[in-house]
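S.K.: For reference, the structure I am asking about is given below.
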Amino acid sequence: MLRAAPWLMIALLTLPVLAGLSAILLPAFGYLPALQHNGFGLMVWRELLETPGIGRSAGLSLSAALLTPLLSLMLVMLFLASTSGTRWASAMRRLVAPLLAVPHAAAAFGLAFLIAPSGFLLRLISPELSGWQRPPDLLILNDPLGLTMMLGLVLKEIPFLLLMALAALPQLNADQRVNMARSLGYRPILAWLWTVAPALYPLLRLPLFAVIAFASATVDVALILGPTLPPTLSVRIIGWFSDPDLNQRLLASAAALLQLMITLSAIGVWIAAEKIVARLYRALLLSGHRRHGHALLNVLGKSLMVITLGTLLISLLLLVIHAFAGPWRFPDNLPAAWTLQHWQSVGPLLLAPLGNTLLLGLVSTAVAVLLVVAVLEHESRQGRKPAQILWAIYIPLLVPQVAFLYGLTLLLEQLRWQPGLLMVGFAHSLFVVPYVYLSLAEPYRRLDPRWQQLAATLGASPNRTWWHIKLPLLLAPLATAFAVGVAVSIGQYLATLLTGAGRVSTLTTEAVALASGGTRGTIAVWALLQAAVPMLGFAMAIMLPRLWWRKRRDMTGQLT
Amino acid sequence: MKQAVKFLCAGWHHRLRLLASILLLAINAGNTLEAQTPDPADWASVVAEARDQPLFFYAWGGDQLTNDYLAWVGQRIAAEYGIRMTHVRLSDTADAVSRILAEKQAGNSDNGAVDMLWLNGENFASLKTNDLLFGPWAEQLPNFARVNADANPDVRFDFTLPVEGYESPWLRAHLVFYYDSAYISEPPANVAALLNWAQEHPGEFTYPRPPDFLGATFLKQALLELVADSVPLYLPVQEASFATITAPLWHYLDALHPLLLRQGRSFPANGPELRRLMADGEIALAMSFNPTEAVNSVLRNELPDSVRTHLPDGGTLANVSFVAIPYNASHKAAAMVTANFLMSVEAQLRAQDPQYLGGTPVIDLSVLSAAEQAQFADSRQSHPSAPPLMSEGQQLQEPHPSWMEALERAWIARYGSR
C-alpha cells in the first residue's frame with residue numbers, strides 16, 4: 001500500500017499536466033485540425049515574437065518573478081531575526097494565518113482601494129490637508145513598471161513564507177542556536193541571522209520556488225494592479241485564449257510555452273544567485289560581526305513588518321467597510337450611510353457555491369493529506385527519497401495553469417468524462433497535493449529520527465510508532481498543511497471553471513465573475529465570504545494543537 | 001462496460017491498444033451519432049420534450065440585475081414548462097466558446113455542456129463560421145412574430161452577419177454617454193465634439209481599453225462619426241484600404257489621449273471599472289452599452305443622483321442581444337422553450353421595468369394589443385437620470401464584425417505598448 005503511494009502521486013501530478021501540455025504543444029507549432037490548421041512550422045512563434053510589446057510583457061513577468069520572492073524573503077528573515085523570542089512574535093503570529101487566508105484577488109481589491117488616487121489614504125488627508133475636492137490625476141494603480149503589482153504580491157506572499165517558516169522553526173532548536181551564539185558575544189538579532197537563518201533557508205526553498213512560479217504567472221493580481229499597456233505575459237495569454245477569433249489559440253499556445261520558459265529561467269536565475277549569496281553570506285558570517293548594525297536591523301525588521309502586515313490588514317478592513325457601505329463619495333473619510341443591501345443581494349445565491357466550496361476543499365485536501373503522508377512515511381521507512389517526487393510536485397505549480405488546463409479539459413472530453421464535482425475535485429487536487437506536500441515535507445523529514453529508533457528498540461511496529469509517536473509530534477504541521485490545502489482549493493478559479501464546464505460554482509468563481517461587472521459592495525461581500533472559509537481553517541489549525549497539547553508548551557508550534 | 005473490465009485485466013501493451021480503440025470509438029461515436037433534433041415547427045412536441053429537462057444557460061454573470069432577471073426567468077419556466085434552468089455565470093462569454101470548441105475537438109457532437117448561451121456579434125461570427133451552432137430554429141418560435149422582423153430588419157443581422165435563424169433576440173441595447181451634472185454642465189454633443197470638450201475638461205473622460213467590448217464600441221462609434229463614407233465599414237475589412245479609412249480615427253485618438261484621465265497612460269479594463277471611476281469622482285463623463293445603466297446605478301446609490309444620460313446627436317450604435325444554441329447542446333428543446341419565453345410579453349415587460357432590469361424590449365410594441373401597449377407605456381423609465389427616448393433614425397447599425405477585430409488589433413499595436 002505504502003509502496004504504491006509515491007508512484008500514485010507522481011502519476012496524479014504529472015500525467016494530467018503532461019497530457020494537457022501536449023495538447024498545446026501541437027497548436028504552438030501550427031497544428032490545430034479542428035480549425036483547419038494542418039501544417040507544422042515556426043509561423044506561430046514568429047507571429048508571437050512580432051507581437052508589439054511582447055518583450056516588455058515577458059520582462060514584467062520575469063522581474064515580478066525575481067523581485068517578489070527576494071523582497072518577501074528579506075522581510076520575513078529580518079522580522080524573524082528581530083522578534084525571535086519576544087512578545088512581538090506571538091502578536092504578529094496571530095495575524096499571519098487570517099492574512100494568508102485572504103484570496104489574492106480580494107487583497108488586491110482592498111489594496112487598490114487603499115492607495116488609488118480616490119482611495120482611502122488620500123481621502124483621509126482630503127480636503128483638509130491636500131485641498132483636493134476631486135481625486136488627483138495620478139498614475140498609481142496599473143503603473144507601467146508593475147511596482148504596485150509587485151507590492152500586492154509581496155503583501156500576500158509574506159504571510160505564506162512566514163507561515164512556512166513558523167511551521168519549520170520548531171525543528172531547528174532556534175533558542176539553543178541563538179543562546180550559543182550569544183554566549184560568544186553576538187547580539188540577539190545577529191545571532192539569529194548567523195545561526196538560525198542559514199538553517200532555515202533550505203526549509204524555505206521549496207515554498208520560495210512556489211512563490212517564483214506564482215509571481216511570474218499570476219493572473220488575478222496582475223489584472224487588478226498590474227500594468228496594462230502592455231500587461232504581463234500571463235494576462236495576454238488569457239486574452240488570447242479567450243479571444244473570439246479562435247485562431248488566436250495558436251498564439252496563446254505558443255505564449256503559454258514562453259511563459260513556462262520564463263518561469264523556469266526565473267528559478268534558474270534564483271538558483272544561480274543562491275550560490276553567490278551563500279558565498280557572500282559565509283564571508284560576512286566568518287568576519288565575526290557581533291553587534292554592528294544591530295539597532296538598525298531591529299528597527300527595520302519590526303517596522304517593515306508592521307507596515308506590510310498593517311497595509312494588508314487595512315486593505316482587508318476596507319473590504320469589510322465596503323461590504324456594508326452605502327454611498328461613499330470622495331473626499332469623505334467614511335460612507336455617508338450603512339446598508340445591508342449587498343449582503344441581501346448575495347444571500348439567495350450563496351447556498352450552492354458555499355456547499356460546493358466546502359465539499360471540494362475538504363475532500364480534495366483529505367485525499368491530498370492521506371496521499372502526501374503515505375509518500376512521506378514510505379520515504380522515511382525506506383530511508384531515502386525518490387528524486388522524481390520533487391519534480392512531480394513542481395510540475396503543476398510551474399506550468400501556467402491556463403495552458404495545461406485547456407488541454408486537460410480537451411482530454412477529459414475525449415474520455416467522455418462528464419464535467420462535474422468529481423472532475424473539479426480531481427483538478428483541485430493537482431494544486432492541493434503540491435502545497436500540502438510543500439508545507440508538510442520538511443517538518444516530516446526533520447522529525448528527530450531518534451524518536452522512531454527509540455520506539456523500535458522498545459518493540460513497537462512502524463505502524464504503531466506512526467500512530468503513537470509521529471502523529472502526535474506532527475499534529476501542528478499536519479493541521480497547518482490541511483489548512484493550506486483547503487485555502488489552495490478555495491482559491492482555484494481556472495481549474496474550477498474549465499473542468500466543471502462552468503457548471504460547478506464556488507465562492508471563487510462567483511467572486512471573479514462578479515468582479516468583471518460588480519460594484520465594490522458585492523465584490524467585497526464575495527471576497528469576504530471567500531476569505532472566511534480558509535480563515536476558519538487556519539484558526540482551527542492553530543487552535544487544534546494548542547488544545548491538544550495545552551499542558552505541553554513545546555508541542556504547540558509556537559514561535560521560538 | 002465490458003471493455004472497461006477487459007481494460008483493467010489486460011496486460012500492458014493490450015491496455016495501450018485498448019485505450020487507443022476506446023479513444024477512437026469515442027471520436028467515431030461523436031461523428032456518426034446525430035443528436036435527436038427537436039423541430040420548432042411542431043411546437044407542442046418541443047414543449048413536451050422540454051418538460052423535466054435541465055437547461056444550462058451560459059451567460060455573462062457580471063451584472064447583478066441581469067442575474068436577478070435570469071433567476072426570475074428560471075423560476076417562471078420551471079413553473080410553466082417544468083424546465084430546471086441553471087444560469088452558468090461567465091466572466092467572459094469566450095469561456096463558453098472555448099468549451100464548445102474543446103468539445104468539437106473531442107468529437108462530442110451530441111452531449112455538449114452548453115445548452116444555450118448569450119453572445120455578442122463577435123462571438124456569434126466566430127461560432128457560426130466554425131459551424132458550432134445549431135439551427136436554423138429561431139424564426140419558427142411562436143413568439144418570434146412579436147419581434148415583427150419584417151418591420152425591424154435589424155433583428156435579422158448581428159454585426160451585419162445574417163442571423164438566418166441561428167440565434168433568437170431577447171433585448172435591445174445602444175451606446176449612451178452619462179455625465180455628472182455636478183461637475184460639468186454640458187456633455188459633448190457627439191464623439192467628434194468630444195475632442196474640443198476634452199480640451200476644456202482635461203482628465204474628465206476615459207474609455208475601456210480594447211479589446212474590451214465597450215472600448216471597441218467606442219472606436220467603432222468614433223470611426224462611424226469621423227469617416228466621410230461609412231459604406232466600406234459594412235463590408236469585410238480590406239487590408240489595402242484599412243489604413244486610409246481609419247487614418248482620421250488615429251489622428252483623432254492621438255490628439256485625444258493626452259486629454260484623458262492619466263493622460264492616456266492607463267485605461268480602465270471594462271465598463272464596470274469605468275463606472276467605478278465615475279462613482280469615485282475621478283471622471284465626469286463615461287459611457288455604457290446599456291442605456292439604463294446610469295439610472296439603475298443611481299437608484300441603487302452607486303452613482304450620485306446628479307448623473308444624467310445623453311445620446312450622441314448624430315446617431316448612436318445600436319444592436320440586439322441574442323441567445324444561441326450550440327450544435328451539440330444536450331437539451332435543445334428546453335433551450336428553444338426558454339428562448340421563446342424570453343420574447344413573451346411577460347418577460348419583456350419585466351425586462352423593461354426599471355424596478356427589475358430597466359432594459360429595452362426587443363418585441364415590436366405596435367403589434368401588441370392596446371392593453372399590452374399601455375402596460376409597456378406605464379412601466380417606462382421616468383427618472384431624471386434616465387436616457388432620452390431613442391428614435392428610429394438615431395440608430396447606427398453595427399459595422400461588419402471584421403472591423404471590430406481589425407480596430408482592436410490596430411489599437412493594441414498603436415497604443416498597447418509604450
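Scheme for the C-alpha cells: letters A, B, ... for chains in order shown; per-chain residue numbers from 1; ligand numbers from 1 in order shown.
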Up to 6 Å from chain A, what residues of chain B turn up? Count only C-alpha atoms and give them as a ChimeraX atom specification.

M.R.: /B:61-63,88,90-91,94,102,105-106,123,262,272,280,282,301,413,416-417

S.K.: Hey, what does DSSP flag as helix (DSSP H, G or I) within range 247-370 of chain B? Can you give it to me as a PyMOL selection string?

M.R.: chain B and resi 247-259+261-264+271-279+293-299+332-342+345-352+365-367+370

S.K.: Closest to Val114 in chain B among B:Arg84, B:Arg276, B:Arg409, B:His331, using only C-alpha atoms?

M.R.: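 Among the listed residues, the smallest separation from Val114 in chain B belongs to B:His331.
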
S.K.: CA of Thr360 in chain B to CA of Ala173 in chain B: how many Å, to one decimal?

M.R.: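 If I compute the distance from CA of Thr360 in chain B to CA of Ala173 in chain B, I get 6.5 Å.
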
S.K.: If we count only C-alpha atoms, what is near Tyr201 in chain A at a cut-off of 12 Å, once residues fewer than 3 positions away on the same chain are taken out, given as a PyMOL selection string?

M.R.: chain A and resi 73-74+76-77+161-162+164-165+168-169+172+193-198+204-208+274+277-278+442

S.K.: Would you kindly return, as a ChimeraX atom specification, each protein, DNA or RNA residue with an atom no farther than 12 Å from any atom of Thr311 in chain A, considering only C-alpha atoms and excluding same-chain residues fewer than 6 positions away?

M.R.: /A:99,107-108,110-115,120-121,151-152,154-156,158,303-305,317-318

S.K.: Quick one: residues within 8 Å of Pro187 in chain B, only C-alpha atoms, excluding same-chain residues fewer than 3 positions away - as a ChimeraX atom specification?

M.R.: /B:179,184,197,285,310

S.K.: Return the single residue from B:Gln394, B:Ser241, B:Asn328, B:Asn296 that is closest to Met116 in chain B, with distances computed using only C-alpha atoms.

M.R.: B:Asn328

S.K.: Name the residues in contact with Ala406 in chain B at a cut-off of 10 Å, using only C-alpha atoms, excluding same-chain residues fewer than 3 positions from it; report them as a list in words.

M.R.: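 The contact residues come out as Val237, Gln238, Glu239, Phe242, Pro401, Ser402, Trp403, Arg409, Ala410, Trp411 and Ile412 of chain B.
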
S.K.: With C-alpha atoms retained, export the selected residues as a PDB file, in the first residue's frame.

M.R.:
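And here is the file that came out, out09.pdb:
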```pdb
ATOM      1  CA  VAL B 237     -12.222  44.815 -43.921  1.00  0.00           C
ATOM      2  CA  GLN B 238      -9.879  45.127 -46.884  1.00  0.00           C
ATOM      3  CA  GLU B 239      -6.251  45.175 -45.832  1.00  0.00           C
ATOM      4  CA  PHE B 242      -7.813  49.807 -43.796  1.00  0.00           C
ATOM      5  CA  PRO B 401     -17.536  42.068 -37.309  1.00  0.00           C
ATOM      6  CA  SER B 402     -14.168  42.003 -39.087  1.00  0.00           C
ATOM      7  CA  TRP B 403     -13.887  45.743 -38.340  1.00  0.00           C
ATOM      8  CA  ARG B 409      -5.664  44.864 -33.178  1.00  0.00           C
ATOM      9  CA  ALA B 410      -4.654  48.189 -34.670  1.00  0.00           C
ATOM     10  CA  TRP B 411      -5.374  49.951 -31.351  1.00  0.00           C
ATOM     11  CA  ILE B 412      -3.272  47.451 -29.409  1.00  0.00           C
TER      12      ILE B 412
END
```

S.K.: For Glu186 in chain B, work out the shell of residues within 12 Å, counting only C-alpha atoms and skipping chain neighbours fewer than 6 positions away, then give it as a count of residues only.

M.R.: 16

S.K.: Report as a Markdown table the residues of range 221-300 of chain B within 10 Å of range 348-356 of chain B, each with its shortest atom pair and distance in Å (one decimal), using only C-alpha atoms, ordered by chain and increasing residue number.

M.R.:
```
| residue | atom | partner | partner_atom | distance |
| --- | --- | --- | --- | --- |
| B:Thr292 | CA | B:Pro354 | CA | 8.3 |
| B:Val295 | CA | B:Pro354 | CA | 8.6 |
| B:Asn296 | CA | B:Pro354 | CA | 7.3 |
| B:Leu299 | CA | B:Gln355 | CA | 9.1 |
```

S.K.: From a backbone DSSP assignment, name each residue in range 172-217 of chain B labelled strand (DSSP E), as a list of chain:residue names.

M.R.: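 Of range 172-217 of chain B, only B:Arg172, B:Ala173, B:His174, B:Val176, B:Phe177, B:Tyr178, B:Tyr179, B:Asp180 fall in strand (DSSP E).
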